[in-house]
Amino acid sequence: TIVVIMKILQVCPYFYPYLAGQERYVLQLSKKLSKHGDQVEVFTINHLALPKFELIENIPVHRFNMISAPLNNPISIDFLNAFSKMKSFDLIHIHNEHSFVSFMTCLYNIFLKKPIVLTCHGQLKFGCSLKDQLEKLYSKTIGRFIFNSVTKIIALSEDDKNYISGLGVNDDKILILPNAIDTDYVDKCVSNSKVYNELCGKFVNKRLVLYVGRIIPRKGIEYLIKSVGIVAKKRSDIIFVLIGDGEYKQTAKKLCEENVVSNDVLFLNGLSDEVLFSYYKLSDIFILPSLSEGLPTTILEAMYLNTPVISTDIPGIRNHFKNVALLVPPKNEYELAEKIIKLLDENDLASTLSVNGKNHVFNSYTWDKVSESCLKIYKSI
């Protein structure tokens with residue numbers, strides 16, 4: 001038997017230690033591909049003055065200096081040096097069509113002529129009409145160039161596939177492959193009952209509603225905080241825990257003061273995964289009120305840890321979770337509050353969502369399954 005070892009390049013705008021959903025995706029995929037025996041390297045932008053080169057989980061990571069990051073999209077003149085380094089790879093996998101590095105990689109590939117796979121990490125909405133109009137213009141110009149330049153496109157959901165094909169991209173080019181989590185790693189983190197027991201002691205007689213993610217407008221934080229005021233008038237035993245950081249955090253805290261809910265909301269960040277997963281396990285509800293998403297790792301983590309989920313009825317979310325979560329329209333704090341109270345009051349409903357959610361994730365959204373599917377796509381091209 002001849003085993004073909006591929007040399008694969010992952011290109012992404014951000015990477016570890018910046019760990020939002022997209023970055024976790026690239027890290028976990030790279031780890032699984034390396035364990036398979038393929039040679040995987042990562043090219044990314046150096047946004048925190050980190051080493052230009054280092055090994056992370058035995059994966060070579062090359063960072064190119066950043067000059068600015070308009071709309072959270074890091075720009076790098078230094079990335080011109082990536083061109084010659086790309087020549088040795090058999091295949092390039094770029095992440096996020098809304099990124100400078102994806103655009104530059106496609107420009108380089110006019111000369112390199114390498115097979116390229118693009119993963120689209122969801123439709124992008126900022127919640128600001130001007131920014132959203134700019135995104136539409138981008139998708140119809142630079143985005144379309146990127147879509148037409150790559151060999152295969154991975155969409156996270158049926159809605160995302162339809163959106164991309166609506167931009168004039170051939171349907172046959174687009175494949176659906178979901179996000180995933182490393183269940184072995186999650187199990188290892190939550191096996192330390194000491195951390196969990198300490199949290200239980202901290203929140204005696206409290207029901208926890210948990211949010212995990214970046215504190216930015218696109219995540220619907222404004223509507224989550226407004227819903228707290230509605231819920232707090234009916235229940236005095238609830239605390240909302242928001243874990244994450246971002247440019248909207250100070251505004252969010254001021255909004256809590258304006259709505260007189262500062263005592264009902266706890267902001268946290270910088271937690272170890274061991275502590276983070278213990279919060280999931282302890283919480284009565286996980287809530288993600290985003291305006292746009294791909295396929296959120298946080299929902300997969302919450303469901304795997306038996307936490308019932310409330311989220312928004314948007315592309316990406318509805319395709320994967322409509323039967324195992326409660327969905328509400330985006331930007332609607334009233335329906336959000338109504339579903340929170342309903343889930344806290346109805347134990348049978350919470351138990352059903354808890355069991356069905358975990359089974360749903362375990363059956364379809366683990367990295368063992370998804371990485372094997374990704375390898376098949378690589379080999380096909």
# chains A, B, ... in the order shown; residues from 1 in each chain; ligands from 1
>>> closest_atom_pairs(of="stretch 178-288 of chain A", to="stretch 128-141 of chain A", cutoff="12 Å", atoms="only C-alpha atoms", output="tab-separated table")
residue	atom	partner	partner_atom	distance
A:Ile216	CA	A:Cys128	CA	11.9
A:Pro217	CA	A:Cys128	CA	8.8
A:Arg218	CA	A:Cys128	CA	8.9
A:Gly220	CA	A:Cys128	CA	11.9
>>> write_last_selection(atoms="N, CA and C atoms", output="PDB file, in the first residue's frame")
ATOM      1  N   ILE A 216     -18.872  41.824  20.960  1.00  0.00           N
ATOM      2  CA  ILE A 216     -18.934  42.733  19.813  1.00  0.00           C
ATOM      3  C   ILE A 216     -20.398  42.865  19.375  1.00  0.00           C
ATOM      4  N   PRO A 217     -20.758  43.945  18.667  1.00  0.00           N
ATOM      5  CA  PRO A 217     -22.160  44.157  18.282  1.00  0.00           C
ATOM      6  C   PRO A 217     -22.759  43.003  17.488  1.00  0.00           C
ATOM      7  N   ARG A 218     -21.960  42.380  16.591  1.00  0.00           N
ATOM      8  CA  ARG A 218     -22.490  41.307  15.736  1.00  0.00           C
ATOM      9  C   ARG A 218     -23.021  40.121  16.526  1.00  0.00           C
ATOM     10  N   GLY A 220     -24.947  40.311  19.067  1.00  0.00           N
ATOM     11  CA  GLY A 220     -26.262  40.601  19.643  1.00  0.00           C
ATOM     12  C   GLY A 220     -26.232  40.874  21.137  1.00  0.00           C
TER      13      GLY A 220
END
>>> select_by_dssp(residues="stretch 18-225 of chain A", states="alpha helix (DSSP H)", output="PyMOL selection string")
chain A and resi 21-36+82-85+100-112+129-138+144-149+158-165+183-190+193-202+221-225
>>> residues_around(residues="stretch 156-172 of chain A", least_positions_apart="2", cutoff="10 Å", atoms="only C-alpha atoms", output="PyMOL selection string")
chain A and resi 119-123+139-141+143-144+147-148+152-154+174-179+293-296+314-320
>>> write_last_selection(atoms="C-alpha atoms", output="PDB file, in the first residue's frame")
ATOM      1  CA  THR A 119     -13.724  27.385   3.968  1.00  0.00           C
ATOM      2  CA  CYS A 120     -16.385  30.081   4.329  1.00  0.00           C
ATOM      3  CA  HIS A 121     -16.998  30.615   8.025  1.00  0.00           C
ATOM      4  CA  GLY A 122     -20.503  32.027   7.655  1.00  0.00           C
ATOM      5  CA  GLN A 123     -22.194  35.085   6.211  1.00  0.00           C
ATOM      6  CA  SER A 139     -18.867  39.984  -1.793  1.00  0.00           C
ATOM      7  CA  LYS A 140     -19.881  40.972  -5.311  1.00  0.00           C
ATOM      8  CA  THR A 141     -16.333  42.058  -6.249  1.00  0.00           C
ATOM      9  CA  GLY A 143     -15.424  37.932  -2.739  1.00  0.00           C
ATOM     10  CA  ARG A 144     -16.542  36.748  -6.169  1.00  0.00           C
ATOM     11  CA  PHE A 147     -14.795  32.192  -5.020  1.00  0.00           C
ATOM     12  CA  ASN A 148     -13.953  31.877  -8.714  1.00  0.00           C
ATOM     13  CA  LYS A 152     -13.367  23.807  -3.997  1.00  0.00           C
ATOM     14  CA  ILE A 153     -15.441  25.757  -1.475  1.00  0.00           C
ATOM     15  CA  ILE A 154     -16.491  24.385   1.907  1.00  0.00           C
ATOM     16  CA  ILE A 174     -19.479  24.024  -3.198  1.00  0.00           C
ATOM     17  CA  LEU A 175     -19.472  21.265  -0.583  1.00  0.00           C
ATOM     18  CA  ILE A 176     -21.081  21.304   2.872  1.00  0.00           C
ATOM     19  CA  LEU A 177     -18.879  20.316   5.793  1.00  0.00           C
ATOM     20  CA  PRO A 178     -19.757  21.440   9.330  1.00  0.00           C
ATOM     21  CA  ASN A 179     -17.655  22.776  12.151  1.00  0.00           C
ATOM     22  CA  GLU A 293     -22.778  33.187  12.400  1.00  0.00           C
ATOM     23  CA  GLY A 294     -21.132  30.326  10.586  1.00  0.00           C
ATOM     24  CA  LEU A 295     -21.484  27.245  12.761  1.00  0.00           C
ATOM     25  CA  PRO A 296     -20.551  28.310  16.302  1.00  0.00           C
ATOM     26  CA  ILE A 314     -30.317  32.915  11.260  1.00  0.00           C
ATOM     27  CA  PRO A 315     -28.419  31.069   8.491  1.00  0.00           C
ATOM     28  CA  GLY A 316     -25.963  28.586   9.936  1.00  0.00           C
ATOM     29  CA  ILE A 317     -27.813  28.229  13.213  1.00  0.00           C
ATOM     30  CA  ARG A 318     -31.181  27.093  11.821  1.00  0.00           C
ATOM     31  CA  ASN A 319     -29.626  24.602   9.387  1.00  0.00           C
ATOM     32  CA  HIS A 320     -27.866  22.696  12.128  1.00  0.00           C
TER      33      HIS A 320
END
>>> residues_around(residues="A:Leu112", least_positions_apart="6", cutoff="12 Å", atoms="only C-alpha atoms", output="PDB file with all heavy atoms, in the first residue's frame")
ATOM      1  N   ALA A  82       5.221  35.778   1.652  1.00  0.00           N
ATOM      2  CA  ALA A  82       4.597  34.449   1.681  1.00  0.00           C
ATOM      3  C   ALA A  82       4.631  33.777   0.314  1.00  0.00           C
ATOM      4  O   ALA A  82       4.607  32.544   0.218  1.00  0.00           O
ATOM      5  CB  ALA A  82       3.153  34.551   2.174  1.00  0.00           C
ATOM      6  N   PHE A  83       4.692  34.586  -0.751  1.00  0.00           N
ATOM      7  CA  PHE A  83       4.592  34.047  -2.114  1.00  0.00           C
ATOM      8  C   PHE A  83       5.620  32.950  -2.372  1.00  0.00           C
ATOM      9  O   PHE A  83       5.274  31.829  -2.757  1.00  0.00           O
ATOM     10  CB  PHE A  83       4.751  35.173  -3.139  1.00  0.00           C
ATOM     11  CG  PHE A  83       4.780  34.688  -4.557  1.00  0.00           C
ATOM     12  CD1 PHE A  83       3.619  34.302  -5.204  1.00  0.00           C
ATOM     13  CD2 PHE A  83       5.980  34.606  -5.260  1.00  0.00           C
ATOM     14  CE1 PHE A  83       3.641  33.848  -6.511  1.00  0.00           C
ATOM     15  CE2 PHE A  83       6.014  34.145  -6.569  1.00  0.00           C
ATOM     16  CZ  PHE A  83       4.839  33.771  -7.192  1.00  0.00           C
ATOM     17  N   SER A  84       6.882  33.232  -2.123  1.00  0.00           N
ATOM     18  CA  SER A  84       7.930  32.249  -2.431  1.00  0.00           C
ATOM     19  C   SER A  84       7.832  31.027  -1.510  1.00  0.00           C
ATOM     20  O   SER A  84       8.151  29.914  -1.897  1.00  0.00           O
ATOM     21  CB  SER A  84       9.314  32.887  -2.294  1.00  0.00           C
ATOM     22  OG  SER A  84       9.501  33.371  -0.978  1.00  0.00           O
ATOM     23  N   LYS A  85       7.336  31.240  -0.261  1.00  0.00           N
ATOM     24  CA  LYS A  85       7.224  30.140   0.691  1.00  0.00           C
ATOM     25  C   LYS A  85       6.087  29.179   0.342  1.00  0.00           C
ATOM     26  O   LYS A  85       6.064  28.041   0.806  1.00  0.00           O
ATOM     27  CB  LYS A  85       7.016  30.687   2.102  1.00  0.00           C
ATOM     28  CG  LYS A  85       8.177  31.543   2.599  1.00  0.00           C
ATOM     29  CD  LYS A  85       7.941  32.049   4.014  1.00  0.00           C
ATOM     30  CE  LYS A  85       9.103  32.933   4.441  1.00  0.00           C
ATOM     31  NZ  LYS A  85       9.193  33.148   5.864  1.00  0.00           N
ATOM     32  N   MET A  86       5.126  29.658  -0.454  1.00  0.00           N
ATOM     33  CA  MET A  86       3.968  28.823  -0.805  1.00  0.00           C
ATOM     34  C   MET A  86       4.293  27.782  -1.873  1.00  0.00           C
ATOM     35  O   MET A  86       3.550  26.825  -2.057  1.00  0.00           O
ATOM     36  CB  MET A  86       2.809  29.703  -1.297  1.00  0.00           C
ATOM     37  CG  MET A  86       2.140  30.508  -0.203  1.00  0.00           C
ATOM     38  SD  MET A  86       0.776  31.512  -0.866  1.00  0.00           S
ATOM     39  CE  MET A  86       0.132  32.247   0.648  1.00  0.00           C
ATOM     40  N   LYS A  87       5.399  27.958  -2.566  1.00  0.00           N
ATOM     41  CA  LYS A  87       5.711  27.108  -3.720  1.00  0.00           C
ATOM     42  C   LYS A  87       5.870  25.638  -3.363  1.00  0.00           C
ATOM     43  O   LYS A  87       5.598  24.758  -4.177  1.00  0.00           O
ATOM     44  CB  LYS A  87       6.990  27.611  -4.412  1.00  0.00           C
ATOM     45  CG  LYS A  87       6.823  28.965  -5.078  1.00  0.00           C
ATOM     46  CD  LYS A  87       8.141  29.444  -5.693  1.00  0.00           C
ATOM     47  CE  LYS A  87       7.967  30.823  -6.323  1.00  0.00           C
ATOM     48  NZ  LYS A  87       9.246  31.330  -6.877  1.00  0.00           N
ATOM     49  N   SER A  88       6.303  25.360  -2.129  1.00  0.00           N
ATOM     50  CA  SER A  88       6.620  23.971  -1.771  1.00  0.00           C
ATOM     51  C   SER A  88       5.398  23.150  -1.342  1.00  0.00           C
ATOM     52  O   SER A  88       5.510  21.947  -1.131  1.00  0.00           O
ATOM     53  CB  SER A  88       7.650  23.962  -0.630  1.00  0.00           C
ATOM     54  OG  SER A  88       7.083  24.512   0.549  1.00  0.00           O
ATOM     55  N   PHE A  89       4.236  23.779  -1.226  1.00  0.00           N
ATOM     56  CA  PHE A  89       3.061  23.057  -0.727  1.00  0.00           C
ATOM     57  C   PHE A  89       2.278  22.389  -1.861  1.00  0.00           C
ATOM     58  O   PHE A  89       2.227  22.886  -2.989  1.00  0.00           O
ATOM     59  CB  PHE A  89       2.150  24.010   0.051  1.00  0.00           C
ATOM     60  CG  PHE A  89       2.757  24.476   1.350  1.00  0.00           C
ATOM     61  CD1 PHE A  89       3.477  25.664   1.405  1.00  0.00           C
ATOM     62  CD2 PHE A  89       2.638  23.720   2.501  1.00  0.00           C
ATOM     63  CE1 PHE A  89       4.064  26.096   2.582  1.00  0.00           C
ATOM     64  CE2 PHE A  89       3.215  24.136   3.687  1.00  0.00           C
ATOM     65  CZ  PHE A  89       3.926  25.323   3.730  1.00  0.00           C
ATOM     66  N   ASP A  90       1.674  21.247  -1.532  1.00  0.00           N
ATOM     67  CA  ASP A  90       0.851  20.525  -2.517  1.00  0.00           C
ATOM     68  C   ASP A  90      -0.544  21.124  -2.633  1.00  0.00           C
ATOM     69  O   ASP A  90      -1.167  21.074  -3.695  1.00  0.00           O
ATOM     70  CB  ASP A  90       0.702  19.046  -2.109  1.00  0.00           C
ATOM     71  CG  ASP A  90       2.049  18.350  -2.019  1.00  0.00           C
ATOM     72  OD1 ASP A  90       2.828  18.481  -2.979  1.00  0.00           O
ATOM     73  OD2 ASP A  90       2.314  17.688  -1.004  1.00  0.00           O
ATOM     74  N   LEU A  91      -1.024  21.678  -1.529  1.00  0.00           N
ATOM     75  CA  LEU A  91      -2.395  22.182  -1.488  1.00  0.00           C
ATOM     76  C   LEU A  91      -2.474  23.306  -0.464  1.00  0.00           C
ATOM     77  O   LEU A  91      -1.801  23.279   0.565  1.00  0.00           O
ATOM     78  CB  LEU A  91      -3.350  21.048  -1.095  1.00  0.00           C
ATOM     79  CG  LEU A  91      -4.839  21.363  -0.964  1.00  0.00           C
ATOM     80  CD1 LEU A  91      -5.671  20.195  -1.498  1.00  0.00           C
ATOM     81  CD2 LEU A  91      -5.229  21.653   0.480  1.00  0.00           C
ATOM     82  N   ILE A  92      -3.297  24.318  -0.774  1.00  0.00           N
ATOM     83  CA  ILE A  92      -3.481  25.456   0.133  1.00  0.00           C
ATOM     84  C   ILE A  92      -4.938  25.515   0.562  1.00  0.00           C
ATOM     85  O   ILE A  92      -5.846  25.412  -0.271  1.00  0.00           O
ATOM     86  CB  ILE A  92      -3.072  26.787  -0.539  1.00  0.00           C
ATOM     87  CG1 ILE A  92      -1.610  26.734  -0.998  1.00  0.00           C
ATOM     88  CG2 ILE A  92      -3.291  27.956   0.411  1.00  0.00           C
ATOM     89  CD1 ILE A  92      -1.180  27.911  -1.864  1.00  0.00           C
ATOM     90  N   MET A 104      -4.933  37.771  -1.136  1.00  0.00           N
ATOM     91  CA  MET A 104      -3.553  37.759  -1.626  1.00  0.00           C
ATOM     92  C   MET A 104      -3.134  36.361  -2.074  1.00  0.00           C
ATOM     93  O   MET A 104      -2.431  36.203  -3.077  1.00  0.00           O
ATOM     94  CB  MET A 104      -2.609  38.278  -0.536  1.00  0.00           C
ATOM     95  CG  MET A 104      -2.760  39.750  -0.221  1.00  0.00           C
ATOM     96  SD  MET A 104      -2.524  40.836  -1.645  1.00  0.00           S
ATOM     97  CE  MET A 104      -0.793  40.522  -2.027  1.00  0.00           C
ATOM     98  N   THR A 105      -3.571  35.341  -1.343  1.00  0.00           N
ATOM     99  CA  THR A 105      -3.228  33.963  -1.724  1.00  0.00           C
ATOM    100  C   THR A 105      -3.804  33.633  -3.099  1.00  0.00           C
ATOM    101  O   THR A 105      -3.135  32.993  -3.923  1.00  0.00           O
ATOM    102  CB  THR A 105      -3.752  32.966  -0.670  1.00  0.00           C
ATOM    103  OG1 THR A 105      -3.164  33.274   0.595  1.00  0.00           O
ATOM    104  CG2 THR A 105      -3.392  31.531  -1.046  1.00  0.00           C
ATOM    105  N   CYS A 106      -5.025  34.082  -3.360  1.00  0.00           N
ATOM    106  CA  CYS A 106      -5.629  33.839  -4.682  1.00  0.00           C
ATOM    107  C   CYS A 106      -4.913  34.613  -5.779  1.00  0.00           C
ATOM    108  O   CYS A 106      -4.771  34.120  -6.907  1.00  0.00           O
ATOM    109  CB  CYS A 106      -7.118  34.203  -4.646  1.00  0.00           C
ATOM    110  SG  CYS A 106      -8.112  33.041  -3.691  1.00  0.00           S
ATOM    111  N   SER A 149     -11.632  31.816  -7.931  1.00  0.00           N
ATOM    112  CA  SER A 149     -10.212  31.451  -8.023  1.00  0.00           C
ATOM    113  C   SER A 149      -9.898  30.102  -7.405  1.00  0.00           C
ATOM    114  O   SER A 149      -8.885  29.490  -7.738  1.00  0.00           O
ATOM    115  CB  SER A 149      -9.346  32.522  -7.336  1.00  0.00           C
ATOM    116  OG  SER A 149      -9.507  33.770  -7.961  1.00  0.00           O
TER     117      SER A 149
END
>>> residues_around(residues="A:Pro308", least_positions_apart="2", cutoff="6 Å", atoms="only C-alpha atoms", output="ChimeraX atom specification")
/A:285,350,353-354
>>> residues_around(residues="stretch 260-276 of chain A", least_positions_apart="5", cutoff="6 Å", atoms="only C-alpha atoms", output="list of chain:residue names")
A:Cys189, A:Ile239, A:Phe240, A:Val241, A:Leu242, A:Ile243, A:Gly244
>>> select_by_dssp(residues="stretch 80-300 of chain A", states="strand (DSSP E or B)", output="VMD selection string")
chain A and resid 91 to 95 116 to 120 152 to 155 174 to 176 181 207 to 212 238 to 243 265 to 268 285 to 288
>>> write_last_selection(atoms="C-alpha atoms", output="short mmCIF file (atom, residue, chain, number, x, y, z; two decimals), in the first residue's frame")
data_model
loop_
_atom_site.label_atom_id
_atom_site.label_comp_id
_atom_site.auth_asym_id
_atom_site.auth_seq_id
_atom_site.Cartn_x
_atom_site.Cartn_y
_atom_site.Cartn_z
CA LEU A 91 -2.39 22.18 -1.49
CA ILE A 92 -3.48 25.46 0.13
CA HIS A 93 -6.51 25.78 2.41
CA ILE A 94 -7.63 29.38 2.97
CA HIS A 95 -10.13 30.42 5.62
CA ILE A 116 -6.94 25.78 -3.21
CA VAL A 117 -9.75 24.93 -0.80
CA LEU A 118 -11.68 27.79 0.79
CA THR A 119 -13.72 27.38 3.97
CA CYS A 120 -16.39 30.08 4.33
CA LYS A 152 -13.37 23.81 -4.00
CA ILE A 153 -15.44 25.76 -1.48
CA ILE A 154 -16.49 24.38 1.91
CA ALA A 155 -19.69 25.93 3.28
CA ILE A 174 -19.48 24.02 -3.20
CA LEU A 175 -19.47 21.26 -0.58
CA ILE A 176 -21.08 21.30 2.87
CA ILE A 181 -15.27 19.95 18.43
CA ARG A 207 -29.71 29.72 37.93
CA LEU A 208 -27.01 30.53 35.35
CA VAL A 209 -27.59 31.83 31.84
CA LEU A 210 -24.29 31.67 29.95
CA TYR A 211 -22.88 33.52 26.93
CA VAL A 212 -19.42 32.65 25.56
CA ILE A 238 -30.89 34.29 37.76
CA ILE A 239 -27.39 35.50 36.99
CA PHE A 240 -26.17 36.09 33.43
CA VAL A 241 -22.51 35.18 32.89
CA LEU A 242 -20.83 36.69 29.81
CA ILE A 243 -17.43 35.16 29.08
CA VAL A 265 -24.62 40.33 34.88
CA LEU A 266 -21.12 38.96 35.48
CA PHE A 267 -18.42 39.69 32.87
CA LEU A 268 -15.45 37.29 32.74
CA ILE A 285 -29.02 27.77 29.63
CA PHE A 286 -26.48 28.70 26.97
CA ILE A 287 -27.49 31.71 24.89
CA LEU A 288 -26.08 33.02 21.60
#
>>> atom_distance(atom1="atom CA of A:Asn58", atom2="atom CA of A:His36")
13.2 Å
>>> residues_around(residues="A:Ile146", least_positions_apart="4", cutoff="7 Å", atoms="only C-alpha atoms", output="PDB file with N, CA and C atoms, in the first residue's frame")
ATOM      1  N   GLU A  97     -13.419  34.175   3.225  1.00  0.00           N
ATOM      2  CA  GLU A  97     -13.273  35.016   2.029  1.00  0.00           C
ATOM      3  C   GLU A  97     -13.204  36.498   2.372  1.00  0.00           C
ATOM      4  N   PHE A 103      -7.437  36.848  -0.104  1.00  0.00           N
ATOM      5  CA  PHE A 103      -7.366  37.581  -1.382  1.00  0.00           C
ATOM      6  C   PHE A 103      -5.954  37.514  -1.965  1.00  0.00           C
ATOM      7  N   CYS A 106      -5.025  34.082  -3.360  1.00  0.00           N
ATOM      8  CA  CYS A 106      -5.629  33.839  -4.682  1.00  0.00           C
ATOM      9  C   CYS A 106      -4.913  34.613  -5.779  1.00  0.00           C
ATOM     10  N   ILE A 142     -14.509  41.521  -4.736  1.00  0.00           N
ATOM     11  CA  ILE A 142     -13.357  40.743  -4.260  1.00  0.00           C
ATOM     12  C   ILE A 142     -13.786  39.337  -3.852  1.00  0.00           C
ATOM     13  N   VAL A 150     -10.731  29.653  -6.461  1.00  0.00           N
ATOM     14  CA  VAL A 150     -10.405  28.440  -5.709  1.00  0.00           C
ATOM     15  C   VAL A 150     -10.930  27.188  -6.406  1.00  0.00           C
TER      16      VAL A 150
END
>>> closest_residue(among="A:Lys219, A:Lys281, A:Lys226, A:Lys173", to="A:Tyr196", atoms="only C-alpha atoms")
A:Lys281
>>> closest_residue(among="A:Val370, A:Tyr378, A:Lys234, A:Glu54", to="A:Tyr25", atoms="only C-alpha atoms")
A:Val370
>>> atom_distance(atom1="atom CA of A:Asn109", atom2="atom CA of A:Leu33")
22.9 Å
>>> decode(residues="stretch 84-92 of chain A", atoms="all heavy atoms", output="mmCIF file, in the first residue's frame")
data_model
loop_
_atom_site.group_PDB
_atom_site.id
_atom_site.type_symbol
_atom_site.label_atom_id
_atom_site.label_comp_id
_atom_site.auth_asym_id
_atom_site.auth_seq_id
_atom_site.Cartn_x
_atom_site.Cartn_y
_atom_site.Cartn_z
ATOM 1 N N SER A 84 6.882 33.232 -2.123
ATOM 2 C CA SER A 84 7.930 32.249 -2.431
ATOM 3 C C SER A 84 7.832 31.027 -1.510
ATOM 4 O O SER A 84 8.151 29.914 -1.897
ATOM 5 C CB SER A 84 9.314 32.887 -2.294
ATOM 6 O OG SER A 84 9.501 33.371 -0.978
ATOM 7 N N LYS A 85 7.336 31.240 -0.261
ATOM 8 C CA LYS A 85 7.224 30.140 0.691
ATOM 9 C C LYS A 85 6.087 29.179 0.342
ATOM 10 O O LYS A 85 6.064 28.041 0.806
ATOM 11 C CB LYS A 85 7.016 30.687 2.102
ATOM 12 C CG LYS A 85 8.177 31.543 2.599
ATOM 13 C CD LYS A 85 7.941 32.049 4.014
ATOM 14 C CE LYS A 85 9.103 32.933 4.441
ATOM 15 N NZ LYS A 85 9.193 33.148 5.864
ATOM 16 N N MET A 86 5.126 29.658 -0.454
ATOM 17 C CA MET A 86 3.968 28.823 -0.805
ATOM 18 C C MET A 86 4.293 27.782 -1.873
ATOM 19 O O MET A 86 3.550 26.825 -2.057
ATOM 20 C CB MET A 86 2.809 29.703 -1.297
ATOM 21 C CG MET A 86 2.140 30.508 -0.203
ATOM 22 S SD MET A 86 0.776 31.512 -0.866
ATOM 23 C CE MET A 86 0.132 32.247 0.648
ATOM 24 N N LYS A 87 5.399 27.958 -2.566
ATOM 25 C CA LYS A 87 5.711 27.108 -3.720
ATOM 26 C C LYS A 87 5.870 25.638 -3.363
ATOM 27 O O LYS A 87 5.598 24.758 -4.177
ATOM 28 C CB LYS A 87 6.990 27.611 -4.412
ATOM 29 C CG LYS A 87 6.823 28.965 -5.078
ATOM 30 C CD LYS A 87 8.141 29.444 -5.693
ATOM 31 C CE LYS A 87 7.967 30.823 -6.323
ATOM 32 N NZ LYS A 87 9.246 31.330 -6.877
ATOM 33 N N SER A 88 6.303 25.360 -2.129
ATOM 34 C CA SER A 88 6.620 23.971 -1.771
ATOM 35 C C SER A 88 5.398 23.150 -1.342
ATOM 36 O O SER A 88 5.510 21.947 -1.131
ATOM 37 C CB SER A 88 7.650 23.962 -0.630
ATOM 38 O OG SER A 88 7.083 24.512 0.549
ATOM 39 N N PHE A 89 4.236 23.779 -1.226
ATOM 40 C CA PHE A 89 3.061 23.057 -0.727
ATOM 41 C C PHE A 89 2.278 22.389 -1.861
ATOM 42 O O PHE A 89 2.227 22.886 -2.989
ATOM 43 C CB PHE A 89 2.150 24.010 0.051
ATOM 44 C CG PHE A 89 2.757 24.476 1.350
ATOM 45 C CD1 PHE A 89 3.477 25.664 1.405
ATOM 46 C CD2 PHE A 89 2.638 23.720 2.501
ATOM 47 C CE1 PHE A 89 4.064 26.096 2.582
ATOM 48 C CE2 PHE A 89 3.215 24.136 3.687
ATOM 49 C CZ PHE A 89 3.926 25.323 3.730
ATOM 50 N N ASP A 90 1.674 21.247 -1.532
ATOM 51 C CA ASP A 90 0.851 20.525 -2.517
ATOM 52 C C ASP A 90 -0.544 21.124 -2.633
ATOM 53 O O ASP A 90 -1.167 21.074 -3.695
ATOM 54 C CB ASP A 90 0.702 19.046 -2.109
ATOM 55 C CG ASP A 90 2.049 18.350 -2.019
ATOM 56 O OD1 ASP A 90 2.828 18.481 -2.979
ATOM 57 O OD2 ASP A 90 2.314 17.688 -1.004
ATOM 58 N N LEU A 91 -1.024 21.678 -1.529
ATOM 59 C CA LEU A 91 -2.395 22.182 -1.488
ATOM 60 C C LEU A 91 -2.474 23.306 -0.464
ATOM 61 O O LEU A 91 -1.801 23.279 0.565
ATOM 62 C CB LEU A 91 -3.350 21.048 -1.095
ATOM 63 C CG LEU A 91 -4.839 21.363 -0.964
ATOM 64 C CD1 LEU A 91 -5.671 20.195 -1.498
ATOM 65 C CD2 LEU A 91 -5.229 21.653 0.480
ATOM 66 N N ILE A 92 -3.297 24.318 -0.774
ATOM 67 C CA ILE A 92 -3.481 25.456 0.133
ATOM 68 C C ILE A 92 -4.938 25.515 0.562
ATOM 69 O O ILE A 92 -5.846 25.412 -0.271
ATOM 70 C CB ILE A 92 -3.072 26.787 -0.539
ATOM 71 C CG1 ILE A 92 -1.610 26.734 -0.998
ATOM 72 C CG2 ILE A 92 -3.291 27.956 0.411
ATOM 73 C CD1 ILE A 92 -1.180 27.911 -1.864
#
